[in-house]
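Asks: This structure is in structure tokens; I'll ask about it shortly.
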Amino acid sequence: MSDVTAIQNLVQKRAELKKEIAKIIVGQEAVIDQLLLCVFSGGHALLIGVPGLAKTLMVNTLSEALGLHFKRIQFTPDLMPSDILGSEILDENRQFKFVKGPVFSNIILADEINRTPPKTQAALLEAMQERSVTIAGVNHKLDLPYFVLATQNPIEQEGTYPLPEAQLDRFMFAVKLEYPSFEEEVQVVKRTTSDVTQKITPLFTAQEIIDFQHLIRRIPVADNVVEYAVTLVSKTRPDSNLTTDFVKNYLDWGAGPRASQNLILAAKAHAAFNGKFSPDIEDVVAVATSVLRHRIIKNYKADAEGITEEMIIAKLV
């Protein structure tokens with residue numbers, strides 16, 4: 001199959017996928033779009049939203065529709081690295097046997113990742129980056145495709161261990177989940193208080209998703225689009241010669257080179273989803289907020305004046 005045909009096939013399958021997900025999830029289209037961009041770009045996502053917005057249900061539905069295995073890990077202050085990676089046990093023959101932890105799945109929901117100590121956070125982040133786990137000196141490969149969706153509750157900060165900036169940078173996207181609209185909430189209540197259950201049909205195989213990930217990486221990008229992405233990221237750095245006074249006033253720290261890579265990868269996926277054979281600047285702009293939101297650090301002045309990350313990115317774009 002040629003790449004042109006494959007992209008047309010992807011557009012069609014994505015439309016079917018969204019219909020399938022809509023059987024269970026009401027609204028939240030923008031969030032689902034961003035999660036799909038992440039999956040097909042081979043990245044990971046950080047989902048920020050208050051409790052009760054169906055984050056677990058959304059990820060579970062997504063994994064069912066994609067035909068992938070799903071595991072949920074509830075992060076707590078007493079969770080140890082071996083609880084998520086697995087450990088070696090003595091079997092009946094007095095031989096050590098490795099028992100896999102929940103990290104061995106295609107889609108992982110790391111619920112409230114900021115509730116667990118840094119040692120356990122780091123264990124998951126290594127698995128995300130390397131797509132493998134080392135236990136007792138033996139390297140175990142994780143199944144592909146591999147997608148981690150971590151959630152954070154923005155309200156409670158008591159007893160939490162905020163993710164350091166270097167670890168936040170491992171996430172391709174930070175996606176904000178808002179409350180549903182009035183009409184959507186009415187639909188949610190009607191659906192969830194009845195006795196009718198919807199069945200999700202898997203539309204992909206793991207191999208098909210891996211093939212689409214390779215297809216997205218093969219999409220060519222014009223130099224001016226790459227330069228636009230790199231310029232946009234450079235503008236977030238207060239000490240860059242491209243920086244405006246606005247950024248110097250409100251930002252302490254800007255985004256690193258991984259942001260430029262993720263902007264281009266996500267723009268390629270965004271273009272492919274919309275049936276285009278090469279991304280343009282519009283595609284970079286469409287993904288900029290999700291890619292940059294968690295990579296820029298505001299100063300106290302921005303907090304005092306109510307300037308949000310989204311406002312800063314909108315100004316730069």
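FYI, nothing fancy with the structure tokens labels: chains A, B, ... in order, residues from 1 per chain, ligands from 1 as they appear.
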Within 12 Å of Thr120 in chain A, counting only C-alpha atoms, which residues show up once you throw out same-chain ones fewer than 6 positions away? Write them as a ChimeraX atom specification, please.

Replies: /A:73-85,103,110,113-114,126-127,161,163

Asks: How far is it from CA of Lys235 in chain A to CA of Thr308 in chain A, in Å with one decimal?

Replies: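 Distance reported for this atom pair: 16.4 Å.
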
Asks: Leaving out range 288-291 of chain A and any residue of its chain fewer than 2 positions from it, which residues lie within 9 Å of it when counting only C-alpha atoms, given as a list in words?

Replies: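 My list of contacting residues is Gln34, Phe171, Met172, Phe173, Ala174, Val175, Lys176, Ala229, Leu232, Ala259, Ser260, Asn262, Leu263, Ala266, Ala267, Asp283, Val284, Val285, Ala286, Arg293, His294, Arg295, Glu309, Glu310, Ile313, Ala314 and Val317 of chain A.
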
Asks: Quick one: which range 189-239 of chain A residues come within 8 Å of range 138-157 of chain A, and what is the nearest atom pair for each with the distance in Å to one decimal, counting only C-alpha atoms, rows ordered by chain and ascending number, as JSON lines?

Replies:
```
{"residue": "A:Ala206", "atom": "CA", "partner": "A:Pro145", "partner_atom": "CA", "distance": 6.4}
{"residue": "A:Ile209", "atom": "CA", "partner": "A:Pro145", "partner_atom": "CA", "distance": 7.0}
{"residue": "A:Ile210", "atom": "CA", "partner": "A:Pro145", "partner_atom": "CA", "distance": 6.1}
```

Asks: Near Ile89 in chain A, within 10 Å and counting only C-alpha atoms, which residues show up once chain neighbours fewer than 5 positions away are dropped, as a ChimeraX atom specification?

Replies: /A:94-99

Asks: What gap, in Å, lies between CA of Pro202 in chain A and CA of Ser41 in chain A?

Replies: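 Separation between CA of Pro202 in chain A and CA of Ser41 in chain A: 19.7 Å.
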